[in-house]
$ cat my_file23.cif   # mmCIF, C-alpha atoms
data_query
#
loop_
_atom_site.label_atom_id
_atom_site.label_comp_id
_atom_site.auth_asym_id
_atom_site.auth_seq_id
_atom_site.Cartn_x
_atom_site.Cartn_y
_atom_site.Cartn_z
CA MET A 18 14.81 14.99 19.78
CA ILE A 19 18.26 14.68 18.17
CA ASP A 20 19.79 13.83 21.57
CA LEU A 21 17.14 11.18 22.12
CA PHE A 22 17.81 9.78 18.65
CA LEU A 23 21.57 9.61 19.25
CA LYS A 24 21.07 7.96 22.65
CA GLY A 25 19.21 5.16 20.87
CA GLY A 26 22.47 3.82 19.47
CA PRO A 27 23.60 2.84 15.97
CA ILE A 28 20.46 0.81 15.23
CA MET A 29 18.52 4.09 15.11
CA TRP A 30 19.94 4.84 11.64
CA PRO A 31 18.32 1.80 9.98
CA ILE A 32 15.08 2.64 11.83
CA LEU A 33 15.29 6.20 10.48
CA ALA A 34 15.87 4.82 6.97
CA THR A 35 12.78 2.59 7.23
CA SER A 36 10.69 5.54 8.44
CA ILE A 37 11.78 7.66 5.45
CA VAL A 38 11.00 4.82 3.01
CA ALA A 39 7.61 4.22 4.68
CA LEU A 40 6.73 7.93 4.55
CA THR A 41 7.74 8.21 0.89
CA ALA A 42 5.80 5.08 -0.11
CA ALA A 43 2.70 6.13 1.87
CA LEU A 44 2.63 9.67 0.45
CA GLU A 45 3.12 8.44 -3.12
CA ARG A 46 0.34 5.84 -2.75
CA ILE A 47 -2.07 8.29 -1.10
CA PHE A 48 -1.43 10.78 -3.92
CA PHE A 49 -2.08 7.98 -6.45
CA VAL A 50 -5.38 7.03 -4.77
CA PHE A 51 -6.48 10.68 -4.65
CA LEU A 52 -5.60 11.11 -8.35
CA GLU A 53 -7.52 7.96 -9.32
CA ALA A 54 -10.55 9.17 -7.31
CA THR A 55 -10.57 12.49 -9.21
CA ARG A 56 -10.39 10.59 -12.53
CA ARG A 57 -13.41 8.39 -11.74
CA ASN A 58 -16.19 9.00 -14.23
CA CYS A 59 -19.30 7.11 -13.12
CA ARG A 60 -21.41 8.89 -15.74
CA GLN A 61 -19.22 7.62 -18.57
CA GLU A 62 -19.32 4.13 -17.07
CA SER A 63 -23.15 4.25 -17.03
CA GLU A 64 -23.22 5.47 -20.65
CA ILE A 65 -21.02 2.57 -21.74
CA ILE A 66 -23.27 0.08 -19.93
CA THR A 67 -26.30 1.65 -21.63
CA LEU A 68 -24.65 1.38 -25.07
CA VAL A 69 -23.78 -2.28 -24.44
CA GLU A 70 -27.39 -2.87 -23.37
CA GLN A 71 -28.48 -1.38 -26.70
CA GLY A 72 -26.06 -3.72 -28.49
CA ASP A 73 -23.82 -0.89 -29.71
CA ILE A 74 -20.44 -2.21 -28.52
CA ALA A 75 -18.48 -0.24 -31.15
CA SER A 76 -19.86 3.08 -29.83
CA ALA A 77 -19.18 1.99 -26.24
CA VAL A 78 -15.53 1.24 -27.11
CA LYS A 79 -15.22 4.55 -28.96
CA LEU A 80 -16.73 6.48 -26.04
CA GLY A 81 -14.35 5.11 -23.44
CA ARG A 82 -11.18 4.64 -25.46
CA ASP A 83 -9.37 7.72 -24.09
CA SER A 84 -10.83 7.56 -20.58
CA GLN A 85 -8.62 8.02 -17.53
CA ASP A 86 -11.10 6.16 -15.29
CA PHE A 87 -9.57 2.79 -14.37
CA VAL A 88 -12.97 1.00 -14.44
CA VAL A 89 -13.85 2.36 -17.89
CA ARG A 90 -10.34 1.53 -19.13
CA ALA A 91 -10.69 -2.10 -17.99
CA LEU A 92 -14.18 -2.40 -19.54
CA ILE A 93 -13.00 -1.03 -22.89
CA LYS A 94 -10.03 -3.42 -23.00
CA ALA A 95 -12.43 -6.29 -22.38
CA LEU A 96 -15.10 -5.03 -24.81
CA GLU A 97 -12.51 -5.01 -27.58
CA HIS A 98 -12.76 -8.83 -27.30
CA PRO A 99 -16.51 -9.38 -26.65
CA SER A 100 -16.38 -13.08 -27.51
CA ARG A 101 -13.78 -13.62 -24.76
CA PHE A 102 -15.11 -10.97 -22.39
CA SER A 103 -14.68 -13.00 -19.16
CA ASP A 104 -10.99 -13.72 -19.76
CA ALA A 105 -10.32 -10.23 -21.10
CA ILE A 106 -11.94 -8.47 -18.11
CA LEU A 107 -10.00 -10.64 -15.66
CA ALA A 108 -6.72 -9.71 -17.34
CA ALA A 109 -7.65 -6.01 -17.52
CA ALA A 110 -8.82 -5.95 -13.89
CA ARG A 111 -5.60 -7.63 -12.72
CA GLN A 112 -3.57 -5.03 -14.59
CA GLU A 113 -5.52 -2.14 -13.02
CA LEU A 114 -5.41 -3.62 -9.50
CA ARG A 115 -1.66 -4.15 -9.81
CA ARG A 116 -1.36 -0.36 -10.01
CA TYR A 117 -3.27 -0.11 -6.72
CA SER A 118 -1.16 -2.72 -4.92
CA ARG A 119 2.16 -1.23 -6.02
CA GLY A 120 4.11 -0.06 -2.96
CA LEU A 121 1.98 -1.94 -0.44
CA THR A 122 4.65 -4.64 -0.15
CA ILE A 123 7.13 -1.98 0.97
CA LEU A 124 4.79 -0.76 3.72
CA ASP A 125 4.00 -4.34 4.76
CA THR A 126 7.72 -5.13 5.01
CA ILE A 127 8.44 -2.01 7.08
CA ILE A 128 5.56 -2.77 9.47
CA THR A 129 7.29 -6.09 10.17
CA LEU A 130 10.90 -4.86 9.96
CA ALA A 131 10.76 -1.74 12.15
CA PRO A 132 9.80 -3.52 15.41
CA LEU A 133 12.44 -6.18 14.70
CA LEU A 134 15.06 -3.45 14.31
CA GLY A 135 13.81 -1.98 17.60
CA LEU A 136 14.18 -5.42 19.18
CA LEU A 137 17.71 -5.63 17.79
CA GLY A 138 18.40 -2.26 19.42
CA THR A 139 17.08 -3.71 22.68
CA VAL A 140 19.44 -6.67 22.44
CA THR A 141 22.52 -4.60 21.54
CA GLY A 142 21.72 -2.10 24.33
CA MET A 143 21.38 -4.88 26.90
CA ILE A 144 24.60 -6.52 25.68
CA ARG A 145 26.39 -3.22 26.17
CA SER A 146 24.89 -2.79 29.64
CA PHE A 147 25.78 -6.29 30.80
CA GLY A 148 29.23 -5.98 29.21
CA MET A 149 29.91 -3.03 31.47
CA LEU A 150 28.93 -5.05 34.55
CA GLY A 151 31.98 -7.24 34.13
CA GLY A 152 34.35 -4.38 33.35
CA THR A 153 36.07 -1.71 35.32
CA GLU A 154 33.15 0.68 34.89
CA LEU A 155 31.03 -1.13 37.49
CA GLY A 156 31.05 1.94 39.67
CA ALA A 157 29.44 4.05 36.94
CA PRO A 158 25.72 3.22 37.08
CA THR A 159 24.93 5.85 34.46
CA ALA A 160 26.96 3.90 31.91
CA ILE A 161 24.90 0.77 32.61
CA THR A 162 21.56 2.57 32.57
CA GLY A 163 22.64 4.31 29.35
CA GLY A 164 22.67 0.91 27.63
CA ILE A 165 19.22 0.10 28.96
CA ALA A 166 17.96 3.52 27.80
CA GLU A 167 19.43 2.79 24.35
CA ALA A 168 17.50 -0.46 24.28
CA LEU A 169 14.20 1.18 25.23
CA ILE A 170 14.60 4.15 22.85
CA ALA A 171 15.30 1.88 19.87
CA THR A 172 12.28 -0.30 20.71
CA ALA A 173 10.01 2.73 21.08
CA PHE A 174 11.13 4.22 17.75
CA GLY A 175 10.78 0.87 15.96
CA LEU A 176 7.25 0.42 17.27
CA GLY A 177 6.42 4.04 16.44
CA VAL A 178 7.47 3.57 12.80
CA ALA A 179 5.47 0.33 12.52
CA ILE A 180 2.32 1.87 14.05
CA THR A 181 2.60 4.97 11.84
CA ALA A 182 3.06 2.84 8.70
CA LEU A 183 0.15 0.58 9.64
CA LEU A 184 -2.44 3.38 9.32
CA PRO A 185 -1.79 4.26 5.64
CA PHE A 186 -1.26 0.56 4.86
CA ASN A 187 -4.76 -0.32 6.08
CA TYR A 188 -6.26 2.71 4.32
CA LEU A 189 -4.56 1.80 1.03
CA ASN A 190 -5.70 -1.82 1.36
CA SER A 191 -9.29 -0.61 1.77
CA CYS A 192 -8.89 1.60 -1.33
CA GLU A 193 -7.64 -1.40 -3.31
CA GLU A 194 -10.64 -3.42 -2.12
CA LYS A 195 -13.04 -0.64 -3.19
CA ALA A 196 -11.38 -0.53 -6.61
CA ARG A 197 -11.72 -4.31 -6.93
CA LEU A 198 -15.43 -4.16 -6.03
CA ALA A 199 -16.03 -1.31 -8.52
CA LEU A 200 -14.38 -3.36 -11.28
CA GLU A 201 -16.31 -6.51 -10.35
CA ASP A 202 -19.64 -4.65 -10.25
CA ALA A 203 -19.16 -3.03 -13.67
CA ALA A 204 -17.81 -6.23 -15.22
CA SER A 205 -20.76 -8.29 -13.89
CA GLN A 206 -23.27 -5.86 -15.41
CA ILE A 207 -21.57 -5.92 -18.82
CA GLU A 208 -21.17 -9.71 -18.76
CA LEU A 209 -24.87 -10.22 -18.03
CA LEU A 210 -25.83 -7.84 -20.86
CA LEU A 211 -23.54 -9.66 -23.31
CA LYS A 212 -25.00 -13.05 -22.31
CA GLU A 213 -28.52 -11.73 -22.80
CA ALA A 214 -27.56 -10.37 -26.25
CA VAL A 215 -26.30 -13.83 -27.31
CA ARG A 216 -29.62 -15.48 -26.40
#

$ encode --input "my_file23.cif" --output "structure tokens"
Amino acid sequence: MIDLFLKGGPIMWPILATSIVALTAALERIFFVFLEATRRNCRQESEIITLVEQGDIASAVKLGRDSQDFVVRALIKALEHPSRFSDAILAAARQELRRYSRGLTILDTIITLAPLLGLLGTVTGMIRSFGMLGGTELGAPTAITGGIAEALIATAFGLGVAITALLPFNYLNSCEEKARLALEDAASQIELLLKEAVR
């Protein structure tokens, strides 16, 4: 594997760097999503909705004040300003979803960058191969094919990094979407209850 890596030429080092960054970002984000899933407290969320339905907003805020559930946290921040609930829940939801989207830009960039680095390796390998055609090393076909091999190895590694990064990227995007829907669902229920209480 090391020999194959070294045969890929100097562009393999930036590709290796992107793979390490992608792996680190993906593992950190997956750990974050797992941690947030363990902190979800649907029962507490239901209790808060019930208290709001009963008109006891103060008890609802008190119940969820120290919660680690991101949905409950957003609801409590918004319920602290019941007269401006719509604006407050939008701000709180944005803040919570920002935590979910953190690191996704890195993965998105690497998915685009890694194949381009592979393509750069292709170009530099072909330049080296064709450069040897005009030199004194024309009689050494292995030197020419070595440049072509360098080009193909770099491309393969670049595509491999992009494909590998794409899987956690799509998974994390789906987790962010689920979090957004959970926030929207809870916020809609509370907003309807508050509107009914005003009538």

$ atom_distance --input "my_file23.cif" --atom1 "CA of Ala91 (chain A)" --atom2 "CA of Ala109 (chain A)"
5.0 Å

$ resolve_selection --input "my_file23.cif" --expression "the PyMOL selection byres ((chain A and resi 196-201) around 12)" --output "ChimeraX atom specification"
/A:50,53-54,57-59,62,86-93,95,103,106-118,189-195,202-208

$ residues_around --input "my_file23.cif" --residues "Thr41 (chain A)" --least-positions-apart "3" --cutoff "12 Å" --atoms "all atoms listed in the file" --output "compact mmCIF listing (two decimals) with C-alpha atoms, in the coordinates of the input"
# COMPACT_ATOMS: atom_id res chain seq x y z
CA ALA A 34 15.87 4.82 6.97
CA THR A 35 12.78 2.59 7.23
CA SER A 36 10.69 5.54 8.44
CA ILE A 37 11.78 7.66 5.45
CA VAL A 38 11.00 4.82 3.01
CA LEU A 44 2.63 9.67 0.45
CA GLU A 45 3.12 8.44 -3.12
CA ARG A 46 0.34 5.84 -2.75
CA ILE A 47 -2.07 8.29 -1.10
CA PHE A 48 -1.43 10.78 -3.92
CA GLY A 120 4.11 -0.06 -2.96
CA LEU A 121 1.98 -1.94 -0.44
CA ILE A 123 7.13 -1.98 0.97
CA LEU A 124 4.79 -0.76 3.72
CA ILE A 127 8.44 -2.01 7.08
CA ALA A 182 3.06 2.84 8.70
CA PRO A 185 -1.79 4.26 5.64

$ closest_residue --input "my_file23.cif" --among "A:Ile28, A:Val78, A:Leu176, A:Asp20" --to "Val140 (chain A)" --atoms "all atoms listed in the file"
A:Ile28

$ closest_residue --input "my_file23.cif" --among "A:Gly72, A:Leu134, A:Gly26, A:Arg60" --to "Ile165 (chain A)" --atoms "only C-alpha atoms"
A:Gly26

$ axis_aligned_box --input "my_file23.cif" --around "region 190-199 of chain A" --padding-each-side "4 Å" --output "AutoDock Vina command-line options"
--center_x -10.9 --center_y -1.4 --center_z -3.4 --size_x 18.3 --size_y 13.9 --size_z 18.3

$ atom_distance --input "my_file23.cif" --atom1 "CA of Leu80 (chain A)" --atom2 "CA of Ala105 (chain A)"
18.6 Å

$ resolve_selection --input "my_file23.cif" --expression "the PyMOL selection byres ((chain A and resi 21) around 12)" --output "VMD selection string"
chain A and resid 18 to 20 22 to 26 29 163 166 to 171 173 to 174

$ closest_residue --input "my_file23.cif" --among "A:Glu64, A:Leu40, A:Val69, A:Gln85" --to "Ala179 (chain A)" --atoms "all atoms listed in the file"
A:Leu40

$ decode --input "my_file23.cif" --residues "region 84-114 of chain A" --atoms "N, CA and C atoms" --output "mmCIF file, in the first residue's frame"
data_model
loop_
_atom_site.group_PDB
_atom_site.id
_atom_site.type_symbol
_atom_site.label_atom_id
_atom_site.label_comp_id
_atom_site.auth_asym_id
_atom_site.auth_seq_id
_atom_site.Cartn_x
_atom_site.Cartn_y
_atom_site.Cartn_z
ATOM 1 N N SER A 84 -32.652 21.139 30.467
ATOM 2 C CA SER A 84 -32.685 19.983 29.562
ATOM 3 C C SER A 84 -31.506 19.993 28.585
ATOM 4 N N GLN A 85 -31.054 18.790 28.238
ATOM 5 C CA GLN A 85 -29.991 18.642 27.245
ATOM 6 C C GLN A 85 -30.560 18.301 25.871
ATOM 7 N N ASP A 86 -31.875 18.107 25.796
ATOM 8 C CA ASP A 86 -32.549 17.824 24.532
ATOM 9 C C ASP A 86 -32.622 19.121 23.720
ATOM 10 N N PHE A 87 -32.141 19.074 22.476
ATOM 11 C CA PHE A 87 -32.072 20.297 21.667
ATOM 12 C C PHE A 87 -33.461 20.854 21.339
ATOM 13 N N VAL A 88 -34.460 19.986 21.192
ATOM 14 C CA VAL A 88 -35.829 20.447 20.897
ATOM 15 C C VAL A 88 -36.402 21.169 22.114
ATOM 16 N N VAL A 89 -36.257 20.551 23.273
ATOM 17 C CA VAL A 89 -36.755 21.163 24.521
ATOM 18 C C VAL A 89 -36.043 22.486 24.774
ATOM 19 N N ARG A 90 -34.738 22.503 24.539
ATOM 20 C CA ARG A 90 -33.946 23.723 24.754
ATOM 21 C C ARG A 90 -34.475 24.868 23.881
ATOM 22 N N ALA A 91 -34.748 24.566 22.621
ATOM 23 C CA ALA A 91 -35.263 25.592 21.702
ATOM 24 C C ALA A 91 -36.651 26.065 22.135
ATOM 25 N N LEU A 92 -37.504 25.127 22.559
ATOM 26 C CA LEU A 92 -38.854 25.492 23.003
ATOM 27 C C LEU A 92 -38.820 26.395 24.228
ATOM 28 N N ILE A 93 -37.933 26.059 25.171
ATOM 29 C CA ILE A 93 -37.846 26.857 26.410
ATOM 30 C C ILE A 93 -37.351 28.270 26.109
ATOM 31 N N LYS A 94 -36.350 28.384 25.228
ATOM 32 C CA LYS A 94 -35.856 29.721 24.850
ATOM 33 C C LYS A 94 -36.978 30.562 24.240
ATOM 34 N N ALA A 95 -37.820 29.896 23.449
ATOM 35 C CA ALA A 95 -38.928 30.614 22.807
ATOM 36 C C ALA A 95 -40.048 30.916 23.800
ATOM 37 N N LEU A 96 -40.316 29.972 24.712
ATOM 38 C CA LEU A 96 -41.393 30.167 25.697
ATOM 39 C C LEU A 96 -41.062 31.244 26.729
ATOM 40 N N GLU A 97 -39.792 31.576 26.835
ATOM 41 C CA GLU A 97 -39.404 32.680 27.725
ATOM 42 C C GLU A 97 -39.890 34.022 27.173
ATOM 43 N N HIS A 98 -40.276 34.026 25.880
ATOM 44 C CA HIS A 98 -40.826 35.229 25.228
ATOM 45 C C HIS A 98 -42.126 34.837 24.520
ATOM 46 N N PRO A 99 -43.167 34.449 25.280
ATOM 47 C CA PRO A 99 -44.399 33.931 24.658
ATOM 48 C C PRO A 99 -45.099 34.911 23.715
ATOM 49 N N SER A 100 -44.954 36.202 23.972
ATOM 50 C CA SER A 100 -45.612 37.187 23.109
ATOM 51 C C SER A 100 -44.943 37.265 21.730
ATOM 52 N N ARG A 101 -43.668 36.896 21.673
ATOM 53 C CA ARG A 101 -42.927 36.894 20.401
ATOM 54 C C ARG A 101 -42.447 35.473 20.084
ATOM 55 N N PHE A 102 -43.329 34.508 20.314
ATOM 56 C CA PHE A 102 -42.937 33.102 20.204
ATOM 57 C C PHE A 102 -42.407 32.748 18.811
ATOM 58 N N SER A 103 -43.076 33.205 17.759
ATOM 59 C CA SER A 103 -42.684 32.855 16.379
ATOM 60 C C SER A 103 -41.255 33.271 16.075
ATOM 61 N N ASP A 104 -40.937 34.537 16.413
ATOM 62 C CA ASP A 104 -39.570 35.033 16.159
ATOM 63 C C ASP A 104 -38.556 34.328 17.050
ATOM 64 N N ALA A 105 -38.942 34.115 18.305
ATOM 65 C CA ALA A 105 -38.025 33.493 19.267
ATOM 66 C C ALA A 105 -37.710 32.041 18.894
ATOM 67 N N ILE A 106 -38.726 31.296 18.427
ATOM 68 C CA ILE A 106 -38.500 29.887 18.069
ATOM 69 C C ILE A 106 -37.654 29.784 16.803
ATOM 70 N N LEU A 107 -37.832 30.723 15.879
ATOM 71 C CA LEU A 107 -37.004 30.728 14.664
ATOM 72 C C LEU A 107 -35.536 30.943 15.003
ATOM 73 N N ALA A 108 -35.285 31.892 15.904
ATOM 74 C CA ALA A 108 -33.909 32.183 16.329
ATOM 75 C C ALA A 108 -33.303 30.995 17.078
ATOM 76 N N ALA A 109 -34.090 30.396 17.973
ATOM 77 C CA ALA A 109 -33.604 29.250 18.758
ATOM 78 C C ALA A 109 -33.359 28.041 17.867
ATOM 79 N N ALA A 110 -34.260 27.810 16.903
ATOM 80 C CA ALA A 110 -34.110 26.678 15.980
ATOM 81 C C ALA A 110 -32.869 26.853 15.104
ATOM 82 N N ARG A 111 -32.649 28.084 14.626
ATOM 83 C CA ARG A 111 -31.458 28.359 13.812
ATOM 84 C C ARG A 111 -30.184 28.065 14.593
ATOM 85 N N GLN A 112 -30.190 28.480 15.847
ATOM 86 C CA GLN A 112 -29.029 28.260 16.713
ATOM 87 C C GLN A 112 -28.755 26.764 16.909
ATOM 88 N N GLU A 113 -29.821 25.980 17.134
ATOM 89 C CA GLU A 113 -29.661 24.534 17.335
ATOM 90 C C GLU A 113 -29.234 23.838 16.040
ATOM 91 N N LEU A 114 -29.814 24.239 14.917
ATOM 92 C CA LEU A 114 -29.485 23.606 13.638
ATOM 93 C C LEU A 114 -28.081 23.954 13.171
#
